[in-house]
>>> print(open('run-v6.txt').read())   # compact mmCIF, C-alpha atoms and all ligand atoms
# COMPACT_ATOMS: atom_id res chain seq x y z
CA MET A 1 27.20 -10.83 -72.38
CA SER A 2 29.08 -11.08 -69.14
CA LEU A 3 32.52 -12.63 -69.53
CA GLY A 4 33.01 -14.54 -66.32
CA MET A 5 29.72 -16.37 -66.51
CA ARG A 6 30.55 -19.54 -64.57
CA THR A 7 32.00 -19.63 -61.10
CA GLU A 8 33.51 -23.10 -61.53
CA ILE A 9 35.31 -24.93 -64.31
CA GLU A 10 32.88 -27.46 -65.74
CA SER A 11 34.13 -30.98 -65.04
CA PHE A 12 33.00 -34.31 -66.43
CA GLU A 13 33.43 -37.96 -65.48
CA ARG A 14 35.94 -40.06 -67.41
CA ASP A 15 33.45 -41.73 -69.76
CA VAL A 16 31.82 -38.50 -71.03
CA ASP A 17 31.41 -38.02 -74.78
CA THR A 18 34.19 -35.86 -76.18
CA ALA A 19 31.57 -33.73 -77.97
CA GLU A 20 30.39 -32.52 -74.55
CA VAL A 21 33.93 -31.74 -73.45
CA VAL A 22 34.61 -29.78 -76.65
CA ALA A 23 31.34 -27.85 -76.38
CA ALA A 24 32.20 -26.73 -72.83
CA LEU A 25 35.77 -25.89 -73.86
CA GLN A 26 34.58 -23.72 -76.72
CA ARG A 27 31.95 -22.07 -74.55
CA ASP A 28 34.03 -21.38 -71.42
CA GLY A 29 37.63 -21.58 -72.66
CA ALA A 30 38.40 -24.39 -70.18
CA VAL A 31 36.99 -27.73 -69.05
CA ALA A 32 38.15 -30.70 -66.94
CA VAL A 33 37.68 -34.44 -67.15
CA ARG A 34 38.05 -36.02 -63.75
CA GLU A 35 40.24 -39.08 -63.21
CA GLN A 36 40.75 -39.61 -66.93
CA VAL A 37 43.61 -42.02 -66.13
CA ASP A 38 44.21 -44.23 -63.10
CA PRO A 39 46.48 -42.83 -60.37
CA GLU A 40 48.96 -45.60 -61.19
CA VAL A 41 49.71 -43.93 -64.57
CA VAL A 42 50.50 -40.51 -63.14
CA ASP A 43 52.52 -42.14 -60.37
CA ARG A 44 54.77 -43.76 -62.99
CA VAL A 45 55.23 -40.42 -64.77
CA LEU A 46 56.05 -38.67 -61.52
CA ALA A 47 58.50 -41.45 -60.56
CA ASP A 48 60.32 -40.97 -63.91
CA LEU A 49 60.48 -37.22 -63.33
CA ARG A 50 61.46 -37.20 -59.65
CA GLU A 51 65.21 -37.27 -60.10
CA PRO A 52 65.37 -34.76 -62.98
CA PHE A 53 62.95 -32.49 -61.10
CA ASP A 54 65.30 -32.47 -58.12
CA GLN A 55 68.47 -32.13 -60.17
CA GLU A 56 67.43 -29.72 -62.93
CA GLY A 57 64.04 -28.35 -62.00
CA GLN A 58 65.36 -25.06 -60.64
CA ARG A 59 67.07 -24.06 -63.89
CA SER A 60 64.14 -22.21 -65.37
CA GLN A 61 63.21 -20.29 -62.23
CA ASP A 62 62.46 -16.64 -62.95
CA VAL A 63 59.85 -13.97 -62.27
CA PHE A 64 57.28 -15.61 -64.56
CA ASN A 65 57.95 -19.26 -63.68
CA GLY A 66 58.36 -18.58 -59.97
CA PHE A 67 61.22 -19.19 -57.57
CA LYS A 68 59.56 -22.01 -55.63
CA THR A 69 58.53 -23.94 -58.71
CA LEU A 70 60.43 -26.74 -60.47
CA ARG A 71 60.09 -27.16 -64.23
CA LEU A 72 61.21 -29.73 -66.76
CA ASN A 73 61.05 -29.98 -70.53
CA ALA A 74 62.24 -32.77 -72.87
CA ILE A 75 59.59 -34.91 -71.20
CA LEU A 76 59.52 -37.72 -73.77
CA ALA A 77 63.27 -38.14 -73.30
CA ARG A 78 62.84 -38.45 -69.54
CA SER A 79 59.64 -40.46 -69.12
CA ARG A 80 58.32 -43.22 -71.37
CA ALA A 81 55.14 -43.32 -69.31
CA SER A 82 54.46 -39.71 -70.27
CA ALA A 83 53.63 -40.87 -73.81
CA GLU A 84 50.42 -42.39 -72.40
CA LEU A 85 49.32 -38.87 -71.43
CA VAL A 86 50.78 -37.08 -74.48
CA GLY A 87 48.91 -39.38 -76.89
CA HIS A 88 45.87 -40.13 -74.72
CA PRO A 89 42.79 -40.74 -76.94
CA ARG A 90 40.76 -38.09 -75.07
CA VAL A 91 43.40 -35.45 -75.70
CA ILE A 92 43.69 -36.42 -79.35
CA GLU A 93 39.92 -36.19 -79.82
CA VAL A 94 39.80 -32.75 -78.20
CA ALA A 95 42.81 -31.49 -80.17
CA ASP A 96 41.28 -32.88 -83.40
CA ALA A 97 38.12 -30.87 -82.77
CA ILE A 98 39.89 -27.61 -81.92
CA LEU A 99 42.82 -27.70 -84.37
CA LEU A 100 41.95 -29.77 -87.45
CA PRO A 101 39.57 -27.12 -88.85
CA HIS A 102 42.72 -25.01 -89.39
CA CYS A 103 45.44 -27.49 -90.38
CA VAL A 104 46.05 -30.88 -91.98
CA ASN A 105 47.74 -32.19 -88.87
CA TYR A 106 48.98 -30.74 -85.58
CA ARG A 107 51.96 -31.34 -83.38
CA ILE A 108 53.19 -30.99 -79.85
CA GLY A 109 53.89 -27.36 -79.05
CA SER A 110 55.62 -28.02 -75.75
CA LEU A 111 55.61 -30.55 -72.92
CA THR A 112 56.37 -29.13 -69.48
CA ALA A 113 56.24 -30.71 -66.06
CA ILE A 114 55.60 -28.15 -63.33
CA GLU A 115 55.91 -28.74 -59.60
CA ILE A 116 54.70 -25.79 -57.52
CA HIS A 117 56.12 -25.92 -54.00
CA PRO A 118 54.61 -24.54 -50.79
CA GLY A 119 55.10 -20.80 -50.48
CA GLU A 120 54.96 -20.13 -54.24
CA GLU A 121 52.84 -17.13 -55.24
CA ASP A 122 50.23 -16.71 -57.97
CA GLN A 123 51.73 -16.78 -61.45
CA THR A 124 50.92 -13.77 -63.64
CA LEU A 125 47.79 -14.45 -65.67
CA HIS A 126 48.59 -14.87 -69.37
CA THR A 127 47.56 -16.63 -72.55
CA ASP A 128 49.90 -19.31 -73.92
CA ASP A 129 49.32 -18.19 -77.53
CA VAL A 130 51.31 -14.96 -77.06
CA ILE A 131 54.27 -16.84 -78.57
CA TYR A 132 52.48 -16.39 -81.92
CA PRO A 133 52.37 -12.62 -82.48
CA ILE A 134 49.00 -12.42 -84.19
CA ARG A 135 45.48 -13.55 -83.43
CA ILE A 136 42.62 -14.28 -85.81
CA PRO A 137 39.20 -14.36 -84.13
CA GLY A 138 37.75 -17.85 -84.41
CA VAL A 139 41.11 -19.56 -84.95
CA GLU A 140 42.96 -21.22 -82.08
CA TRP A 141 46.71 -21.69 -82.59
CA GLN A 142 46.98 -24.25 -79.83
CA VAL A 143 45.17 -26.16 -77.11
CA SER A 144 46.58 -27.22 -73.74
CA ALA A 145 46.05 -30.36 -71.68
CA MET A 146 47.14 -30.02 -68.05
CA TRP A 147 47.38 -33.44 -66.35
CA ALA A 148 47.15 -33.44 -62.58
CA LEU A 149 50.06 -35.60 -61.36
CA THR A 150 49.00 -34.84 -57.78
CA ASP A 151 45.60 -33.66 -56.61
CA PHE A 152 44.93 -30.05 -57.62
CA THR A 153 43.09 -27.90 -55.07
CA GLU A 154 42.14 -24.25 -54.72
CA THR A 155 44.90 -23.78 -52.16
CA ASN A 156 47.78 -25.90 -53.48
CA GLY A 157 48.30 -24.11 -56.81
CA GLY A 158 45.59 -25.66 -58.99
CA THR A 159 45.75 -23.84 -62.35
CA ARG A 160 43.64 -20.67 -62.32
CA VAL A 161 41.56 -19.94 -65.40
CA VAL A 162 39.59 -16.84 -66.41
CA LEU A 163 36.45 -18.42 -67.82
CA GLY A 164 35.16 -16.70 -70.94
CA SER A 165 38.45 -14.88 -71.53
CA HIS A 166 39.18 -16.71 -74.81
CA GLN A 167 38.75 -15.05 -78.18
CA ARG A 168 37.77 -11.70 -76.76
CA LYS A 169 36.24 -9.68 -79.57
CA ILE A 170 38.24 -6.65 -78.50
CA LEU A 171 41.74 -7.26 -77.16
CA VAL A 172 41.57 -5.50 -73.82
CA PRO A 173 44.98 -4.82 -72.27
CA GLU A 174 45.39 -7.00 -69.20
CA ARG A 175 45.83 -3.98 -66.93
CA LEU A 176 42.35 -2.75 -67.89
CA MET A 177 40.64 -6.06 -67.25
CA LYS A 178 39.56 -7.19 -63.83
CA PRO A 179 40.08 -10.87 -64.37
CA ASN A 180 38.39 -13.16 -61.93
CA PRO A 181 40.18 -16.51 -62.16
CA VAL A 182 38.84 -19.78 -60.81
CA ALA A 183 41.15 -22.58 -59.72
CA ALA A 184 41.00 -26.09 -61.11
CA ALA A 185 40.26 -28.48 -58.23
CA MET A 186 40.58 -32.07 -59.44
CA PRO A 187 42.03 -35.37 -58.26
CA ARG A 188 45.27 -36.71 -59.69
CA GLY A 189 44.80 -38.40 -63.03
CA SER A 190 42.36 -35.66 -64.14
CA VAL A 191 43.01 -33.46 -67.15
CA LEU A 192 42.22 -29.77 -67.55
CA PHE A 193 41.88 -28.47 -71.10
CA TYR A 194 42.18 -24.81 -71.99
CA LEU A 195 42.55 -22.92 -75.23
CA GLY A 196 45.65 -21.03 -76.36
CA SER A 197 43.63 -17.82 -76.08
CA THR A 198 42.33 -18.51 -72.56
CA MET A 199 43.81 -16.41 -69.78
CA HIS A 200 45.21 -18.54 -66.97
CA GLY A 201 48.16 -19.04 -64.63
CA GLY A 202 49.51 -21.32 -61.95
CA GLY A 203 48.23 -20.68 -58.44
CA ALA A 204 49.86 -19.87 -55.12
CA ASN A 205 50.62 -22.98 -53.10
CA GLN A 206 49.41 -22.33 -49.56
CA SER A 207 49.45 -26.02 -48.63
CA THR A 208 52.27 -28.08 -47.15
CA ALA A 209 52.91 -30.36 -50.14
CA PRO A 210 53.97 -29.76 -53.76
CA ARG A 211 51.46 -29.67 -56.62
CA ALA A 212 52.71 -31.41 -59.75
CA GLY A 213 51.26 -31.24 -63.26
CA LEU A 214 52.24 -32.05 -66.83
CA ILE A 215 51.12 -29.39 -69.25
CA ASN A 216 51.09 -30.50 -72.88
CA THR A 217 50.28 -28.12 -75.69
CA TYR A 218 49.28 -29.05 -79.23
CA ALA A 219 49.68 -26.49 -82.01
CA LEU A 220 48.61 -26.14 -85.65
CA GLY A 221 50.97 -28.15 -87.88
CA TRP A 222 52.15 -25.14 -89.87
CA LEU A 223 53.39 -23.24 -86.83
CA ARG A 224 56.87 -23.46 -85.36
CA GLN A 225 56.96 -25.65 -82.26
CA GLU A 226 57.46 -23.82 -78.97
CA GLU A 227 59.79 -26.62 -77.80
CA SER A 228 61.66 -28.34 -80.62
CA GLN A 229 61.00 -32.02 -80.12
CA TYR A 230 63.79 -32.84 -82.61
CA LEU A 231 66.31 -31.21 -80.28
CA ALA A 232 64.65 -32.19 -77.00
CA VAL A 233 64.49 -35.93 -77.62
CA PRO A 234 67.50 -37.92 -78.90
CA ARG A 235 66.76 -39.57 -82.22
CA GLU A 236 67.08 -43.16 -80.96
CA ILE A 237 64.54 -42.47 -78.22
CA ALA A 238 62.21 -40.76 -80.69
CA GLU A 239 62.44 -43.78 -83.00
CA SER A 240 61.48 -46.12 -80.19
CA TYR A 241 58.03 -44.51 -79.78
CA PRO A 242 54.94 -45.65 -81.71
CA GLU A 243 54.14 -43.85 -84.94
CA GLU A 244 51.36 -41.71 -83.48
CA ILE A 245 53.74 -40.29 -80.87
CA ARG A 246 56.42 -39.65 -83.52
CA HIS A 247 53.83 -37.86 -85.62
CA LEU A 248 52.90 -35.69 -82.65
CA MET A 249 56.59 -34.92 -82.11
CA GLY A 250 56.69 -33.53 -85.64
CA TYR A 251 58.08 -36.45 -87.62
CA ARG A 252 55.46 -35.84 -90.25
CA SER A 253 55.16 -33.20 -92.94
CA HIS A 254 52.27 -30.79 -93.26
CA GLY A 255 51.47 -31.00 -96.95
CA LEU A 256 54.57 -29.63 -98.66
CA LEU A 257 55.84 -28.08 -95.42
CA GLY A 258 58.59 -29.65 -93.35
CA GLY A 259 59.28 -32.73 -95.47
O1 LIG A 301 51.41 -24.52 -63.48
C1 LIG A 301 50.32 -24.17 -63.92
O2 LIG A 301 49.26 -24.49 -63.37
C2 LIG A 301 50.21 -23.32 -65.16
C3 LIG A 301 51.53 -22.87 -65.70
C4 LIG A 301 51.39 -22.02 -66.93
O3 LIG A 301 50.33 -21.67 -67.32
C5 LIG A 301 52.56 -21.62 -67.72
O4 LIG A 301 53.67 -21.67 -67.21
O5 LIG A 301 52.38 -21.23 -68.89
FE FE A 302 50.40 -20.89 -69.31
>>> encode(input="run-v6.txt", output="structure tokens")
Amino acid sequence: MSLGMRTEIESFERDVDTAEVVAALQRDGAVAVREQVDPEVVDRVLADLREPFDQEGQRSQDVFNGFKTLRLNAILARSRASAELVGHPRVIEVADAILLPHCVNYRIGSLTAIEIHPGEEDQTLHTDDVIYPIRIPGVEWQVSAMWALTDFTETNGGTRVVLGSHQRKILVPERLMKPNPVAAAMPRGSVLFYLGSTMHGGGANQSTAPRAGLINTYALGWLRQEESQYLAVPREIAESYPEEIRHLMGYRSHGLLGG
């Protein structure tokens, strides 16, 4: 079987059945749903994040995150509108299908807004599940939903994905692979799903405008959260969200664990 079988990320229209989205995600390791929310929703999220992006977005700059890229965490503390993306029914249905075979309930792993500015270079390809130092073939620790807050294009930093790279039977060191990533090109309001085991990375921004996205990960409920939502979001703000968002934040036990 050849690994990089498709030359484009499969993308669906907003009213597609989730079963089709999940099938493509499991087959290719990544899939997009175009214009899943109206532009107005992502505009509200981006408006909430504008000031913190400009004031604090440079703090996490480093070799991996880039030096022309702004990043923010603690998203639910900064943007109420973001909850519409974090708890979007499509995302929940996809996460249910990928994660519930391996846990009773799942939680946010991390929420990160990423604005790649012109002149940024390709991010190193990686898998997000490296934070969990073991892999079991057939089990995904987490799934990611990358919301396009601006249009994503092949030249403005649209997330690059190595199709078919998930759940490799033999773990080939990255330096021995010749990964052939494809960039997600999708209008704002679209969502790109990829698995925790899918190799990917942000892209170089060769355009003249920033590319902004909100990348939300969901992880098995018995794993430690990558970004502690208890510490990231003040308790009174957490309490003001609907129950399903609080559950996703981790205000819910997993059987006997975490009560
Ligand atoms: O910005 C992107 O498109 C992807 C970023 C990413 O994969 C990461 O930082 O883990
Ligand atoms: Fe990543």
>>> closest_residue(input="run-v6.txt", among="A:Gly164, A:Gly196, A:Pro242, A:Gly158", to="ligand LIG 301 (chain A)", atoms="only C-alpha atoms and all ligand atoms")
A:Gly158
>>> closest_residue(input="run-v6.txt", among="A:Ser240, A:Gly138, A:Gly221, A:Asp17", to="Arg168 in chain A", atoms="all atoms listed in the file")
A:Gly138
>>> residues_near_ligand(input="run-v6.txt", ligand="ligand LIG 301 (chain A)", cutoff="8 Å", atoms="only C-alpha atoms and all ligand atoms", output="number ranges by chain")
A: 64-65, 114-116, 123, 125-128, 146, 157-160, 200-203, 212-213, 215
>>> residues_around(input="run-v6.txt", residues="Glu20 in chain A", least_positions_apart="3", cutoff="12 Å", atoms="all atoms listed in the file", output="list in words")
Glu10, Ser11, Phe12, Glu13, Arg14, Asp15, Val16, Asp17, Ala23, Ala24, Leu25, Gln26, Arg27, Val31, Ala32, Val33, Arg90, Glu93, Val94 and Ala97 of chain A
>>> atom_distance(input="run-v6.txt", atom1="CA of Arg34 in chain A", atom2="CA of Ala148 in chain A")
9.5 Å
>>> closest_residue(input="run-v6.txt", among="A:Ala19, A:Ile131, A:Leu149, A:Ala47", to="Ile98 in chain A", atoms="only C-alpha atoms")
A:Ala19
>>> atom_distance(input="run-v6.txt", atom1="CA of Val161 in chain A", atom2="CA of Pro101 in chain A")
24.6 Å
>>> atom_distance(input="run-v6.txt", atom1="CA of Ser144 in chain A", atom2="CA of Thr217 in chain A")
4.3 Å
>>> closest_residue(input="run-v6.txt", among="A:Gln61, A:Asn73, A:Ser165, A:Thr198", to="ligand FE 302 (chain A)", atoms="only C-alpha atoms and all ligand atoms")
A:Thr198
>>> closest_residue(input="run-v6.txt", among="A:Leu223, A:Leu257, A:Leu163, A:Leu70", to="Pro133 in chain A", atoms="all atoms listed in the file")
A:Leu223
>>> closest_residue(input="run-v6.txt", among="A:His166, A:Gly109, A:Arg252, A:Glu84", to="Tyr194 in chain A", atoms="only C-alpha atoms")
A:His166
>>> residues_around(input="run-v6.txt", residues="Val86 in chain A", least_positions_apart="2", cutoff="9 Å", atoms="all atoms listed in the file", output="PDB file with C-alpha atoms, in the frame of the given file")
ATOM      1  CA  LEU A  76      59.520 -37.720 -73.770  1.00  0.00           C
ATOM      2  CA  SER A  82      54.460 -39.710 -70.270  1.00  0.00           C
ATOM      3  CA  ALA A  83      53.630 -40.870 -73.810  1.00  0.00           C
ATOM      4  CA  GLU A  84      50.420 -42.390 -72.400  1.00  0.00           C
ATOM      5  CA  HIS A  88      45.870 -40.130 -74.720  1.00  0.00           C
ATOM      6  CA  VAL A  91      43.400 -35.450 -75.700  1.00  0.00           C
ATOM      7  CA  ILE A  92      43.690 -36.420 -79.350  1.00  0.00           C
ATOM      8  CA  ILE A 108      53.190 -30.990 -79.850  1.00  0.00           C
ATOM      9  CA  LEU A 111      55.610 -30.550 -72.920  1.00  0.00           C
ATOM     10  CA  ALA A 145      46.050 -30.360 -71.680  1.00  0.00           C
ATOM     11  CA  ASN A 216      51.090 -30.500 -72.880  1.00  0.00           C
ATOM     12  CA  ILE A 245      53.740 -40.290 -80.870  1.00  0.00           C
ATOM     13  CA  LEU A 248      52.900 -35.690 -82.650  1.00  0.00           C
TER      14      LEU A 248
END
>>> build_atoms(input="run-v6.txt", residues="range 35-55 of chain A", atoms="N, CA and C atoms", output="tab-separated table (two decimals), in the coordinates of the input")
chain	number	residue	atom	x	y	z
A	35	GLU	N	39.68	-37.73	-63.28
A	35	GLU	CA	40.24	-39.08	-63.21
A	35	GLU	C	40.22	-39.78	-64.56
A	36	GLN	N	40.73	-39.07	-65.57
A	36	GLN	CA	40.75	-39.61	-66.93
A	36	GLN	C	41.69	-40.82	-67.02
A	37	VAL	N	42.75	-40.82	-66.23
A	37	VAL	CA	43.61	-42.02	-66.13
A	37	VAL	C	43.69	-42.44	-64.66
A	38	ASP	N	44.07	-43.72	-64.47
A	38	ASP	CA	44.21	-44.23	-63.10
A	38	ASP	C	45.42	-43.57	-62.43
A	39	PRO	N	45.36	-43.45	-61.09
A	39	PRO	CA	46.48	-42.83	-60.37
A	39	PRO	C	47.82	-43.51	-60.66
A	40	GLU	N	47.75	-44.81	-60.93
A	40	GLU	CA	48.96	-45.60	-61.19
A	40	GLU	C	49.74	-44.99	-62.39
A	41	VAL	N	49.03	-44.48	-63.38
A	41	VAL	CA	49.71	-43.93	-64.57
A	41	VAL	C	50.48	-42.66	-64.20
A	42	VAL	N	49.81	-41.76	-63.48
A	42	VAL	CA	50.50	-40.51	-63.14
A	42	VAL	C	51.62	-40.78	-62.12
A	43	ASP	N	51.45	-41.81	-61.31
A	43	ASP	CA	52.52	-42.14	-60.37
A	43	ASP	C	53.78	-42.58	-61.11
A	44	ARG	N	53.60	-43.34	-62.20
A	44	ARG	CA	54.77	-43.76	-62.99
A	44	ARG	C	55.45	-42.57	-63.64
A	45	VAL	N	54.64	-41.62	-64.15
A	45	VAL	CA	55.23	-40.42	-64.77
A	45	VAL	C	56.02	-39.64	-63.71
A	46	LEU	N	55.40	-39.46	-62.57
A	46	LEU	CA	56.05	-38.67	-61.52
A	46	LEU	C	57.32	-39.37	-61.03
A	47	ALA	N	57.29	-40.71	-60.98
A	47	ALA	CA	58.50	-41.45	-60.56
A	47	ALA	C	59.63	-41.22	-61.57
A	48	ASP	N	59.30	-41.24	-62.87
A	48	ASP	CA	60.32	-40.97	-63.91
A	48	ASP	C	60.90	-39.57	-63.76
A	49	LEU	N	60.07	-38.63	-63.34
A	49	LEU	CA	60.48	-37.22	-63.33
A	49	LEU	C	61.13	-36.79	-62.01
A	50	ARG	N	61.01	-37.63	-60.98
A	50	ARG	CA	61.46	-37.20	-59.65
A	50	ARG	C	62.93	-36.75	-59.63
A	51	GLU	N	63.79	-37.60	-60.16
A	51	GLU	CA	65.21	-37.27	-60.10
A	51	GLU	C	65.53	-36.03	-60.94
A	52	PRO	N	65.09	-35.99	-62.21
A	52	PRO	CA	65.37	-34.76	-62.98
A	52	PRO	C	64.75	-33.51	-62.36
A	53	PHE	N	63.55	-33.64	-61.79
A	53	PHE	CA	62.95	-32.49	-61.10
A	53	PHE	C	63.93	-31.96	-60.05
A	54	ASP	N	64.44	-32.89	-59.24
A	54	ASP	CA	65.30	-32.47	-58.12
A	54	ASP	C	66.65	-31.96	-58.61
A	55	GLN	N	67.14	-32.54	-59.71
A	55	GLN	CA	68.47	-32.13	-60.17
A	55	GLN	C	68.45	-30.89	-61.06
